[in-house]
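File shown: input_13.cif (mmCIF, C-alpha atoms).
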```cif
data_upload
#
loop_
_atom_site.group_PDB
_atom_site.id
_atom_site.type_symbol
_atom_site.label_atom_id
_atom_site.label_comp_id
_atom_site.auth_asym_id
_atom_site.auth_seq_id
_atom_site.Cartn_x
_atom_site.Cartn_y
_atom_site.Cartn_z
ATOM 1 C CA MET A 237 -19.056 24.247 5.345
ATOM 2 C CA GLY A 238 -19.168 21.773 8.220
ATOM 3 C CA THR A 239 -17.740 19.029 5.987
ATOM 4 C CA PHE A 240 -14.892 21.303 4.876
ATOM 5 C CA VAL A 241 -13.931 22.208 8.447
ATOM 6 C CA GLN A 242 -14.121 18.560 9.532
ATOM 7 C CA LEU A 243 -11.801 17.561 6.680
ATOM 8 C CA VAL A 244 -9.334 20.271 7.714
ATOM 9 C CA VAL A 245 -9.383 19.141 11.351
ATOM 10 C CA ASP A 246 -8.921 15.483 10.361
ATOM 11 C CA GLY A 247 -6.106 16.515 8.020
ATOM 12 C CA LEU A 248 -4.314 18.359 10.807
ATOM 13 C CA SER A 249 -4.627 15.249 12.971
ATOM 14 C CA ALA A 250 -3.156 13.022 10.261
ATOM 15 C CA GLY A 251 -0.458 15.623 9.565
ATOM 16 C CA SER A 252 0.618 15.522 13.205
ATOM 17 C CA VAL A 253 1.383 11.823 12.773
ATOM 18 C CA TYR A 254 3.611 12.580 9.771
ATOM 19 C CA ALA A 255 5.210 15.502 11.621
ATOM 20 C CA ALA A 256 6.202 13.289 14.545
ATOM 21 C CA ILE A 257 8.430 11.138 12.317
ATOM 22 C CA ALA A 258 9.597 14.099 10.209
ATOM 23 C CA LEU A 259 10.935 15.915 13.281
ATOM 24 C CA ALA A 260 13.107 12.922 14.166
ATOM 25 C CA ILE A 261 14.490 12.883 10.604
ATOM 26 C CA VAL A 262 15.281 16.608 10.820
ATOM 27 C CA LEU A 263 17.004 16.129 14.167
ATOM 28 C CA VAL A 264 19.352 13.398 12.967
ATOM 29 C CA HIS A 265 20.097 15.321 9.749
ATOM 30 C CA SER A 266 20.808 18.548 11.621
ATOM 31 C CA ALA A 267 23.110 16.659 13.988
ATOM 32 C CA THR A 268 24.888 14.384 11.513
ATOM 33 C CA GLY A 269 24.132 15.617 7.981
ATOM 34 C CA LEU A 270 22.537 12.252 7.151
ATOM 35 C CA ILE A 271 18.965 11.255 6.291
ATOM 36 C CA ASN A 272 18.178 8.214 8.420
ATOM 37 C CA PHE A 273 15.767 5.883 6.611
ATOM 38 C CA ALA A 274 15.894 3.542 9.618
ATOM 39 C CA GLN A 275 14.183 6.150 11.799
ATOM 40 C CA GLY A 276 10.791 4.466 11.500
ATOM 41 C CA GLY A 277 12.176 1.042 12.350
ATOM 42 C CA MET A 278 14.012 2.364 15.411
ATOM 43 C CA ALA A 279 10.803 4.035 16.579
ATOM 44 C CA VAL A 280 8.791 0.828 16.125
ATOM 45 C CA LEU A 281 11.373 -1.152 18.099
ATOM 46 C CA SER A 282 11.070 1.252 21.037
ATOM 47 C CA VAL A 283 7.260 1.030 20.883
ATOM 48 C CA TYR A 284 7.438 -2.760 20.982
ATOM 49 C CA ILE A 285 9.595 -2.571 24.096
ATOM 50 C CA ALA A 286 7.086 -0.240 25.759
ATOM 51 C CA TRP A 287 4.205 -2.503 24.692
ATOM 52 C CA TRP A 288 5.979 -5.615 26.018
ATOM 53 C CA LEU A 289 6.531 -3.911 29.368
ATOM 54 C CA THR A 290 2.846 -2.938 29.618
ATOM 55 C CA THR A 291 1.874 -6.586 29.045
ATOM 56 C CA ARG A 292 3.992 -7.392 32.097
ATOM 57 C CA GLY A 293 2.035 -4.961 34.264
ATOM 58 C CA VAL A 294 4.376 -1.972 34.005
ATOM 59 C CA PRO A 295 2.493 1.377 33.971
ATOM 60 C CA LEU A 296 2.364 2.997 30.535
ATOM 61 C CA ILE A 297 4.322 6.128 31.509
ATOM 62 C CA VAL A 298 7.099 4.066 33.104
ATOM 63 C CA ALA A 299 7.210 1.776 30.064
ATOM 64 C CA LEU A 300 7.560 4.795 27.766
ATOM 65 C CA LEU A 301 10.361 6.257 29.872
ATOM 66 C CA VAL A 302 12.217 2.934 29.749
ATOM 67 C CA SER A 303 11.757 2.759 25.968
ATOM 68 C CA ILE A 304 13.083 6.313 25.584
ATOM 69 C CA VAL A 305 16.188 5.485 27.642
ATOM 70 C CA PHE A 306 16.666 2.344 25.538
ATOM 71 C CA SER A 307 16.292 4.400 22.357
ATOM 72 C CA ILE A 308 18.943 6.905 23.424
ATOM 73 C CA ALA A 309 21.408 4.089 24.128
ATOM 74 C CA PHE A 310 20.482 2.209 20.949
ATOM 75 C CA GLY A 311 20.828 5.288 18.756
ATOM 76 C CA ALA A 312 24.218 6.127 20.251
ATOM 77 C CA LEU A 313 25.453 2.549 19.776
ATOM 78 C CA VAL A 314 24.260 2.467 16.159
ATOM 79 C CA GLU A 315 26.264 5.616 15.435
ATOM 80 C CA ARG A 316 29.345 4.435 17.313
ATOM 81 C CA TYR A 317 29.630 0.881 16.014
ATOM 82 C CA LEU A 318 27.842 1.001 12.632
ATOM 83 C CA MET A 319 27.483 4.432 11.052
ATOM 84 C CA ARG A 320 30.923 5.677 12.097
ATOM 85 C CA ARG A 321 32.500 3.108 9.805
ATOM 86 C CA PHE A 322 30.985 4.951 6.829
ATOM 87 C CA GLU A 323 31.411 8.561 7.953
ATOM 88 C CA ARG A 324 34.306 9.431 5.672
ATOM 89 C CA GLY A 325 33.020 7.458 2.709
ATOM 90 C CA ASP A 326 30.402 8.159 0.082
ATOM 91 C CA PRO A 327 27.258 9.639 1.731
ATOM 92 C CA ASP A 328 25.123 7.429 -0.515
ATOM 93 C CA THR A 329 26.693 4.381 1.100
ATOM 94 C CA ALA A 330 25.623 5.566 4.553
ATOM 95 C CA VAL A 331 22.056 6.058 3.267
ATOM 96 C CA VAL A 332 22.008 2.490 1.924
ATOM 97 C CA VAL A 333 23.244 1.287 5.321
ATOM 98 C CA THR A 334 20.296 2.972 7.048
ATOM 99 C CA ILE A 335 17.919 1.240 4.616
ATOM 100 C CA GLY A 336 19.552 -2.080 5.454
ATOM 101 C CA LEU A 337 19.270 -1.252 9.147
ATOM 102 C CA LEU A 338 15.545 -0.596 8.683
ATOM 103 C CA THR A 339 15.115 -4.040 7.100
ATOM 104 C CA LEU A 340 17.108 -5.683 9.894
ATOM 105 C CA ILE A 341 15.173 -3.996 12.700
ATOM 106 C CA THR A 342 11.829 -4.836 11.082
ATOM 107 C CA GLY A 343 12.870 -8.474 10.757
ATOM 108 C CA VAL A 344 14.089 -8.672 14.357
ATOM 109 C CA ALA A 345 10.871 -7.111 15.660
ATOM 110 C CA GLY A 346 8.792 -9.585 13.650
ATOM 111 C CA TRP A 347 10.912 -12.496 14.907
ATOM 112 C CA LEU A 348 10.614 -11.445 18.551
ATOM 113 C CA TRP A 349 6.976 -10.336 18.653
ATOM 114 C CA THR A 350 5.503 -11.872 15.448
ATOM 115 C CA TYR A 351 3.766 -9.907 12.689
ATOM 116 C CA ASN A 352 0.341 -10.077 14.338
ATOM 117 C CA ASN A 353 -1.477 -6.820 15.005
ATOM 118 C CA GLN A 354 -1.174 -5.582 18.585
ATOM 119 C CA GLN A 355 -3.056 -2.789 20.306
ATOM 120 C CA PHE A 356 -0.899 -0.151 21.977
ATOM 121 C CA PRO A 357 -2.542 1.811 24.815
ATOM 122 C CA SER A 358 -3.157 5.510 24.217
ATOM 123 C CA LEU A 359 -1.657 8.288 26.301
ATOM 124 C CA PHE A 360 -4.811 10.344 25.793
ATOM 125 C CA SER A 361 -8.519 9.736 26.121
ATOM 126 C CA LEU A 362 -10.457 8.458 23.125
ATOM 127 C CA ASP A 363 -13.405 10.756 23.877
ATOM 128 C CA THR A 364 -14.312 13.375 21.280
ATOM 129 C CA VAL A 365 -14.843 17.081 21.665
ATOM 130 C CA SER A 366 -17.458 18.817 19.524
ATOM 131 C CA PHE A 367 -17.294 22.494 18.612
ATOM 132 C CA LEU A 368 -19.401 24.283 15.984
ATOM 133 C CA GLY A 369 -20.412 20.971 14.465
ATOM 134 C CA VAL A 370 -16.848 19.654 14.221
ATOM 135 C CA SER A 371 -15.748 16.601 16.199
ATOM 136 C CA VAL A 372 -12.152 15.937 17.154
ATOM 137 C CA SER A 373 -10.760 13.315 19.504
ATOM 138 C CA GLN A 374 -8.828 14.259 22.600
ATOM 139 C CA ARG A 375 -6.100 11.912 21.369
ATOM 140 C CA SER A 376 -5.673 14.001 18.217
ATOM 141 C CA LEU A 377 -5.579 17.196 20.263
ATOM 142 C CA GLY A 378 -3.011 15.711 22.612
ATOM 143 C CA THR A 379 -0.846 14.464 19.740
ATOM 144 C CA THR A 380 -0.922 17.875 18.075
ATOM 145 C CA ALA A 381 -0.035 19.620 21.347
ATOM 146 C CA VAL A 382 2.946 17.319 21.913
ATOM 147 C CA ILE A 383 4.160 17.908 18.337
ATOM 148 C CA ILE A 384 4.006 21.688 18.834
ATOM 149 C CA VAL A 385 6.010 21.426 22.085
ATOM 150 C CA VAL A 386 8.628 19.169 20.451
ATOM 151 C CA MET A 387 8.872 21.487 17.447
ATOM 152 C CA ALA A 388 9.485 24.497 19.693
ATOM 153 C CA ALA A 389 12.038 22.542 21.738
ATOM 154 C CA LEU A 390 14.003 21.508 18.637
ATOM 155 C CA GLN A 391 13.940 25.031 17.243
ATOM 156 C CA GLY A 392 15.244 26.312 20.565
ATOM 157 C CA LEU A 393 17.881 23.561 20.747
ATOM 158 C CA PHE A 394 19.455 24.343 17.375
ATOM 159 C CA LEU A 395 19.185 28.117 17.544
ATOM 160 C CA GLY A 396 19.658 28.953 21.197
ATOM 161 C CA THR A 397 21.893 26.407 22.908
ATOM 162 C CA LYS A 398 25.602 25.583 22.752
ATOM 163 C CA LEU A 399 24.799 21.908 22.237
ATOM 164 C CA GLY A 400 22.591 22.691 19.244
ATOM 165 C CA LEU A 401 25.197 24.963 17.677
ATOM 166 C CA ALA A 402 27.868 22.299 18.232
ATOM 167 C CA LEU A 403 25.669 19.638 16.602
ATOM 168 C CA ARG A 404 25.088 21.879 13.587
ATOM 169 C CA ALA A 405 28.806 22.629 13.304
ATOM 170 C CA VAL A 406 29.655 18.914 13.331
ATOM 171 C CA ALA A 407 26.984 18.161 10.711
ATOM 172 C CA ASN A 408 28.142 20.958 8.408
ATOM 173 C CA ASN A 409 31.901 20.385 8.621
ATOM 174 C CA PRO A 410 33.186 17.686 10.998
ATOM 175 C CA GLU A 411 36.841 18.353 10.114
ATOM 176 C CA SER A 412 36.668 22.048 11.007
ATOM 177 C CA ALA A 413 34.646 21.219 14.114
ATOM 178 C CA ALA A 414 37.353 18.795 15.240
ATOM 179 C CA PHE A 415 40.066 21.432 14.691
ATOM 180 C CA SER A 416 37.975 23.793 16.848
ATOM 181 C CA GLY A 417 38.173 21.355 19.736
ATOM 182 C CA LEU A 418 34.660 19.907 19.510
ATOM 183 C CA PRO A 419 34.343 16.186 20.414
ATOM 184 C CA VAL A 420 32.952 15.169 17.034
ATOM 185 C CA GLY A 421 32.421 11.488 17.806
ATOM 186 C CA ARG A 422 30.641 12.176 21.071
ATOM 187 C CA LEU A 423 28.401 14.807 19.489
ATOM 188 C CA LEU A 424 27.419 12.445 16.682
ATOM 189 C CA MET A 425 26.446 9.853 19.275
ATOM 190 C CA VAL A 426 24.384 12.480 21.099
ATOM 191 C CA GLY A 427 22.639 13.468 17.871
ATOM 192 C CA TRP A 428 21.691 9.889 17.045
ATOM 193 C CA GLY A 429 20.589 9.246 20.628
ATOM 194 C CA LEU A 430 18.355 12.321 20.712
ATOM 195 C CA ALA A 431 16.834 11.452 17.329
ATOM 196 C CA ALA A 432 16.111 7.898 18.487
ATOM 197 C CA ALA A 433 14.476 9.243 21.660
ATOM 198 C CA LEU A 434 12.315 11.567 19.592
ATOM 199 C CA GLY A 435 11.415 8.613 17.391
ATOM 200 C CA ALA A 436 10.312 6.698 20.492
ATOM 201 C CA VAL A 437 7.986 9.563 21.443
ATOM 202 C CA ALA A 438 6.661 9.747 17.881
ATOM 203 C CA GLY A 439 6.026 6.008 17.794
ATOM 204 C CA ALA A 440 4.159 6.111 21.105
ATOM 205 C CA LEU A 441 1.920 8.878 19.717
ATOM 206 C CA VAL A 442 1.270 7.108 16.424
ATOM 207 C CA ALA A 443 0.861 3.484 17.569
ATOM 208 C CA PRO A 444 -2.559 3.911 19.268
ATOM 209 C CA GLN A 445 -3.972 5.395 16.053
ATOM 210 C CA LEU A 446 -2.716 2.431 14.021
ATOM 211 C CA THR A 447 -2.098 -1.190 14.952
ATOM 212 C CA LEU A 448 1.312 -2.142 16.272
ATOM 213 C CA THR A 449 3.150 -4.215 13.670
ATOM 214 C CA PRO A 450 6.818 -4.248 12.547
ATOM 215 C CA GLY A 451 5.863 -2.276 9.426
ATOM 216 C CA MET A 452 3.542 0.111 11.251
ATOM 217 C CA LEU A 453 5.392 3.284 10.229
ATOM 218 C CA ASP A 454 6.263 2.387 6.633
ATOM 219 C CA ASN A 455 3.510 4.523 5.106
ATOM 220 C CA ALA A 456 3.963 7.299 7.658
ATOM 221 C CA LEU A 457 7.692 7.382 6.834
ATOM 222 C CA VAL A 458 6.913 8.127 3.168
ATOM 223 C CA TYR A 459 4.705 11.052 4.164
ATOM 224 C CA ALA A 460 7.285 12.201 6.721
ATOM 225 C CA LEU A 461 10.008 12.272 4.056
ATOM 226 C CA ALA A 462 7.663 14.273 1.832
ATOM 227 C CA ALA A 463 7.139 16.744 4.682
ATOM 228 C CA VAL A 464 10.910 17.010 5.194
ATOM 229 C CA ILE A 465 11.454 17.802 1.504
ATOM 230 C CA LEU A 466 8.616 20.319 1.436
ATOM 231 C CA GLY A 467 9.423 22.034 4.719
ATOM 232 C CA GLY A 468 13.202 21.992 4.457
ATOM 233 C CA LEU A 469 15.774 19.740 6.088
ATOM 234 C CA THR A 470 16.970 22.534 8.379
ATOM 235 C CA SER A 471 13.629 23.723 9.763
ATOM 236 C CA PRO A 472 11.609 21.918 12.487
ATOM 237 C CA VAL A 473 8.844 24.498 12.062
ATOM 238 C CA GLY A 474 8.895 23.989 8.308
ATOM 239 C CA VAL A 475 8.448 20.211 8.414
ATOM 240 C CA VAL A 476 5.549 20.447 10.866
ATOM 241 C CA VAL A 477 3.779 23.051 8.710
ATOM 242 C CA ALA A 478 4.459 20.931 5.613
ATOM 243 C CA ALA A 479 3.127 17.789 7.324
ATOM 244 C CA TRP A 480 -0.079 19.599 8.308
ATOM 245 C CA LEU A 481 -0.372 20.968 4.774
ATOM 246 C CA ILE A 482 -0.028 17.486 3.304
ATOM 247 C CA GLY A 483 -2.641 16.059 5.670
ATOM 248 C CA VAL A 484 -5.172 18.808 4.955
ATOM 249 C CA LEU A 485 -4.703 18.944 1.161
ATOM 250 C CA GLU A 486 -4.797 15.162 0.927
ATOM 251 C CA ASN A 487 -8.187 15.073 2.671
ATOM 252 C CA LEU A 488 -9.605 17.956 0.659
ATOM 253 C CA ALA A 489 -8.404 16.507 -2.657
ATOM 254 C CA ALA A 490 -9.952 13.121 -1.854
ATOM 255 C CA VAL A 491 -13.397 14.724 -1.465
ATOM 256 C CA TYR A 492 -13.402 17.741 -3.759
ATOM 257 C CA VAL A 493 -11.212 16.640 -6.708
ATOM 258 C CA PRO A 494 -13.164 13.991 -8.657
ATOM 259 C CA PHE A 495 -10.271 12.392 -10.566
ATOM 260 C CA ILE A 496 -8.237 11.883 -7.354
ATOM 261 C CA GLY A 497 -10.644 10.500 -4.769
ATOM 262 C CA TYR A 498 -9.524 8.323 -1.884
ATOM 263 C CA ASP A 499 -7.694 5.847 -4.115
ATOM 264 C CA LEU A 500 -5.239 8.387 -5.555
ATOM 265 C CA LYS A 501 -4.908 10.818 -2.642
ATOM 266 C CA VAL A 502 -1.453 9.379 -1.937
ATOM 267 C CA ALA A 503 -0.316 11.285 -5.042
ATOM 268 C CA VAL A 504 -0.996 14.641 -3.358
ATOM 269 C CA PRO A 505 2.316 14.914 -1.446
ATOM 270 C CA PHE A 506 4.303 14.004 -4.558
ATOM 271 C CA ILE A 507 2.520 16.655 -6.591
ATOM 272 C CA LEU A 508 3.335 19.174 -3.845
ATOM 273 C CA ILE A 509 6.986 18.099 -3.856
ATOM 274 C CA PHE A 510 7.188 18.567 -7.623
ATOM 275 C CA VAL A 511 5.687 22.061 -7.464
ATOM 276 C CA VAL A 512 7.708 23.250 -4.453
ATOM 277 C CA LEU A 513 11.034 21.933 -5.750
ATOM 278 C CA LEU A 514 10.522 23.835 -8.985
ATOM 279 C CA VAL A 515 10.056 27.095 -7.072
ATOM 280 C CA ARG A 516 12.161 26.583 -3.916
ATOM 281 C CA PRO A 517 14.564 23.619 -4.140
ATOM 282 C CA GLN A 518 15.569 24.120 -0.492
ATOM 283 C CA GLY A 519 11.960 23.684 0.684
ATOM 284 C CA LEU A 520 9.402 26.178 1.968
ATOM 285 C CA PHE A 521 11.366 27.043 5.130
ATOM 286 C CA GLY A 522 14.815 25.721 4.247
ATOM 287 C CA ARG A 523 17.957 27.794 3.834
ATOM 288 C CA LYS A 524 20.013 28.027 0.664
ATOM 289 C CA THR A 525 23.468 26.495 0.881
ATOM 290 C CA VAL A 526 26.146 28.990 -0.084
ATOM 291 C CA VAL A 527 29.605 27.696 -0.985
ATOM 292 C CA ARG A 528 32.426 30.217 -0.884
ATOM 293 C CA VAL A 529 35.569 29.529 -2.867
#
```
Give the structure from this file in structure tokens form.
Amino acid sequence: MGTFVQLVVDGLSAGSVYAAIALAIVLVHSATGLINFAQGGMAVLSVYIAWWLTTRGVPLIVALLVSIVFSIAFGALVERYLMRRFERGDPDTAVVVTIGLLTLITGVAGWLWTYNNQQFPSLFSLDTVSFLGVSVSQRSLGTTAVIIVVMAALQGLFLGTKLGLALRAVANNPESAAFSGLPVGRLLMVGWGLAAALGAVAGALVAPQLTLTPGMLDNALVYALAAVILGGLTSPVGVVVAAWLIGVLENLAAVYVPFIGYDLKVAVPFILIFVVLLVRPQGLFGRKTVVRV
């Protein structure tokens, strides 16, 4: 029983890492209607900036705040001078552009800071807390707490604020939003800026648990996309629950399912995607799209 509970706790911790990136993907999709495959690269770039500042003696909190401000500006500029050129074209083209942007950012980060592993300082203590025979690090608890706060904030933003409603209107139908008097271009820049800032927070939470490299979030991005598909592109709560579910089931399958083990546990999220899409194509918490003619 103790092993089972420990696997669940460790799975929730790993799921919080996936959820951090998934929330940023949901934010940019809810604000622009686009899935941003460059989200991981933008997050890594902001973490490198924070890390570089800490090596120059800047306190960690100040370095993170500077990286968040940089991320907001960078995200807005990417939308204004790159993505806007493809807004009225084929959506698939815009997706390919984000993949190219990911490759570019990764290359630039490797050129500036090399591909050597770097250690990013943790916001939380590395001490562990034991309860009923289960050990969990304070860093994992802190990461999970931050993810819950961010999830609640995003849910409140899109459901209870004028800015959130305006962002959703622009993502759903930019032409109608423009006719209604909404500043579509400015709102798209805001959406990308907020998503980049959230990515900076996610990267700062994830980096201490990994090693800081240009490709640090590549694997986490795959799991985050799986969580987005499972939870639903329109639901911050859904993607967090899905990310936790993936983390827990992956751990349990590795130990209790003989033919999977640790080598094939990466297949768990894809099996979940297959099953969920057969039953609920919009995801566990997503909304059906209704088109009226």
### Proximity to A:Ala250 - best of A:Ala414, A:Leu377, A:Ala489, A:Ala388, all atoms listed in the file
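When distances to A:Ala250 are compared using all atoms listed in the file, the smallest one comes from A:Leu377.
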### Output check: residues returned by the PyMOL selection byres ((chain A and resi 333-349) around 10), as an NGL selection string
:A and (270-282 or 284-285 or 288 or 314 or 318-319 or 322 or 327-332 or 350-354 or 449-452 or 454)
For A:Ala299, list every protein, DNA or RNA residue within 9 Å, evaluated using all atoms listed in the file, and leave out those in the same chain fewer than 2 positions away; present the list as a PDB file with C-alpha atoms, in the frame of the given file.
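Output below, filename out13.pdb:
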```
ATOM      1  CA  ILE A 285       9.595  -2.571  24.096  1.00  0.00           C
ATOM      2  CA  ALA A 286       7.086  -0.240  25.759  1.00  0.00           C
ATOM      3  CA  TRP A 287       4.205  -2.503  24.692  1.00  0.00           C
ATOM      4  CA  TRP A 288       5.979  -5.615  26.018  1.00  0.00           C
ATOM      5  CA  LEU A 289       6.531  -3.911  29.368  1.00  0.00           C
ATOM      6  CA  THR A 290       2.846  -2.938  29.618  1.00  0.00           C
ATOM      7  CA  VAL A 294       4.376  -1.972  34.005  1.00  0.00           C
ATOM      8  CA  PRO A 295       2.493   1.377  33.971  1.00  0.00           C
ATOM      9  CA  LEU A 296       2.364   2.997  30.535  1.00  0.00           C
ATOM     10  CA  ILE A 297       4.322   6.128  31.509  1.00  0.00           C
ATOM     11  CA  LEU A 301      10.361   6.257  29.872  1.00  0.00           C
ATOM     12  CA  VAL A 302      12.217   2.934  29.749  1.00  0.00           C
ATOM     13  CA  SER A 303      11.757   2.759  25.968  1.00  0.00           C
ATOM     14  CA  ILE A 304      13.083   6.313  25.584  1.00  0.00           C
TER      15      ILE A 304
END
```
### Message
Between A:Leu399, A:Glu315, A:Gln355, A:Ala255, which residue has the minimum interatomic distance to A:Thr291, considering all atoms listed in the file?
### Response
A:Gln355
### Selected residue, from A:Leu434, A:Ala256, A:Leu466, A:Ala503, that lies nearest to A:Val515 when counting all atoms listed in the file
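Selected residue with least distance to A:Val515: A:Leu466.
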### Task
Might you pull out every residue within 12 Å of A:Ala405, with only C-alpha atoms counted and same-chain residues fewer than 4 positions away left off, and present them as a list in words?
His265, Ser266, Ala267, Thr268, Gly269, Phe394, Leu395, Lys398, Leu399, Gly400, Leu401, Asn409, Pro410, Glu411, Ser412, Ala413, Ala414, Phe415, Ser416, Gly417, Leu418, Pro419, Val420, Leu423, Leu424 and Gly427 of chain A
Write a file of the just-selected residues containing C-alpha atoms, as a PDB file, in the coordinates of the input.
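Saved the output as selection.pdb:
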```pdb
ATOM      1  CA  HIS A 265      20.097  15.321   9.749  1.00  0.00           C
ATOM      2  CA  SER A 266      20.808  18.548  11.621  1.00  0.00           C
ATOM      3  CA  ALA A 267      23.110  16.659  13.988  1.00  0.00           C
ATOM      4  CA  THR A 268      24.888  14.384  11.513  1.00  0.00           C
ATOM      5  CA  GLY A 269      24.132  15.617   7.981  1.00  0.00           C
ATOM      6  CA  PHE A 394      19.455  24.343  17.375  1.00  0.00           C
ATOM      7  CA  LEU A 395      19.185  28.117  17.544  1.00  0.00           C
ATOM      8  CA  LYS A 398      25.602  25.583  22.752  1.00  0.00           C
ATOM      9  CA  LEU A 399      24.799  21.908  22.237  1.00  0.00           C
ATOM     10  CA  GLY A 400      22.591  22.691  19.244  1.00  0.00           C
ATOM     11  CA  LEU A 401      25.197  24.963  17.677  1.00  0.00           C
ATOM     12  CA  ASN A 409      31.901  20.385   8.621  1.00  0.00           C
ATOM     13  CA  PRO A 410      33.186  17.686  10.998  1.00  0.00           C
ATOM     14  CA  GLU A 411      36.841  18.353  10.114  1.00  0.00           C
ATOM     15  CA  SER A 412      36.668  22.048  11.007  1.00  0.00           C
ATOM     16  CA  ALA A 413      34.646  21.219  14.114  1.00  0.00           C
ATOM     17  CA  ALA A 414      37.353  18.795  15.240  1.00  0.00           C
ATOM     18  CA  PHE A 415      40.066  21.432  14.691  1.00  0.00           C
ATOM     19  CA  SER A 416      37.975  23.793  16.848  1.00  0.00           C
ATOM     20  CA  GLY A 417      38.173  21.355  19.736  1.00  0.00           C
ATOM     21  CA  LEU A 418      34.660  19.907  19.510  1.00  0.00           C
ATOM     22  CA  PRO A 419      34.343  16.186  20.414  1.00  0.00           C
ATOM     23  CA  VAL A 420      32.952  15.169  17.034  1.00  0.00           C
ATOM     24  CA  LEU A 423      28.401  14.807  19.489  1.00  0.00           C
ATOM     25  CA  LEU A 424      27.419  12.445  16.682  1.00  0.00           C
ATOM     26  CA  GLY A 427      22.639  13.468  17.871  1.00  0.00           C
TER      27      GLY A 427
END
```
### Message
Env of A:Val426: 9 Å cut, atoms = all atoms listed in the file, seq-sep filter 3 positions within chain, self excluded. Answer as a list in words.
### Response
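Neighbouring residues, sequence-local ones excluded: Ala267, Ile308, Gly311, Ala312, Leu403, Gly421, Arg422, Leu423, Gly429, Leu430 and Ala431 of chain A.
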Emit the selected residues as a CSV table (one decimal), keeping the file's coordinate frame, including C-alpha atoms.
```csv
chain,number,residue,atom,x,y,z
A,267,ALA,CA,23.1,16.7,14.0
A,308,ILE,CA,18.9,6.9,23.4
A,311,GLY,CA,20.8,5.3,18.8
A,312,ALA,CA,24.2,6.1,20.3
A,403,LEU,CA,25.7,19.6,16.6
A,421,GLY,CA,32.4,11.5,17.8
A,422,ARG,CA,30.6,12.2,21.1
A,423,LEU,CA,28.4,14.8,19.5
A,429,GLY,CA,20.6,9.2,20.6
A,430,LEU,CA,18.4,12.3,20.7
A,431,ALA,CA,16.8,11.5,17.3
```
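Between atom CA of A:Val372 and atom CA of A:Gln242 there is a distance of 8.3 Å.
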### Task
Run the PyMOL selection byres ((chain A and resi 379) around 12) on the file and write out the hits as a VMD selection string.
chain A and resid 248 to 256 358 to 362 372 to 378 380 to 386 437 to 445
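One finds atom CA of A:Leu446 at 17.5 Å from atom CA of A:Thr364.
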### Task
Using all atoms listed in the file, pick whichever of A:Leu508, A:Ala479, A:Leu300, A:Val244 has the shortest atom-to-atom distance to A:Leu457.
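Of A:Leu508, A:Ala479, A:Leu300, A:Val244, the one nearest A:Leu457, counting all atoms listed in the file, is A:Ala479.
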### Message
When you count all atoms listed in the file, which of these residues is closest to A:Asn487: A:Pro505, A:Pro472, A:Gly369, A:Gly293?
### Response
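Closest to A:Asn487 of all the choices is A:Pro505.
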### Task
Could you tell me how far atom CA of A:Arg321 lies from atom CA of A:Leu259, in Å and to one decimal?
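The value is 25.3 Å.
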Kindly compute an axis-aligned box around the listed atoms of stretch 265-277 of chain A, allowing 6 Å on each side, and express its centre and edge lengths in Å to one decimal as AutoDock Vina command-line options.
```
--center_x 17.8 --center_y 9.8 --center_z 10.1 --size_x 26.1 --size_y 29.5 --size_z 19.7
```
### Task
Name the closest residue to A:Phe306 among the candidates A:Ala389, A:Val370, A:Ile496, A:Ala433; distances are taken between atoms, counting all atoms listed in the file.
A:Ala433
### Exercise: residues within 8 Å of coordinate (8.2, 18.0, 9.8), counting all atoms listed in the file, as a ChimeraX atom specification
/A:254-259,262,460,463-464,467,471-479
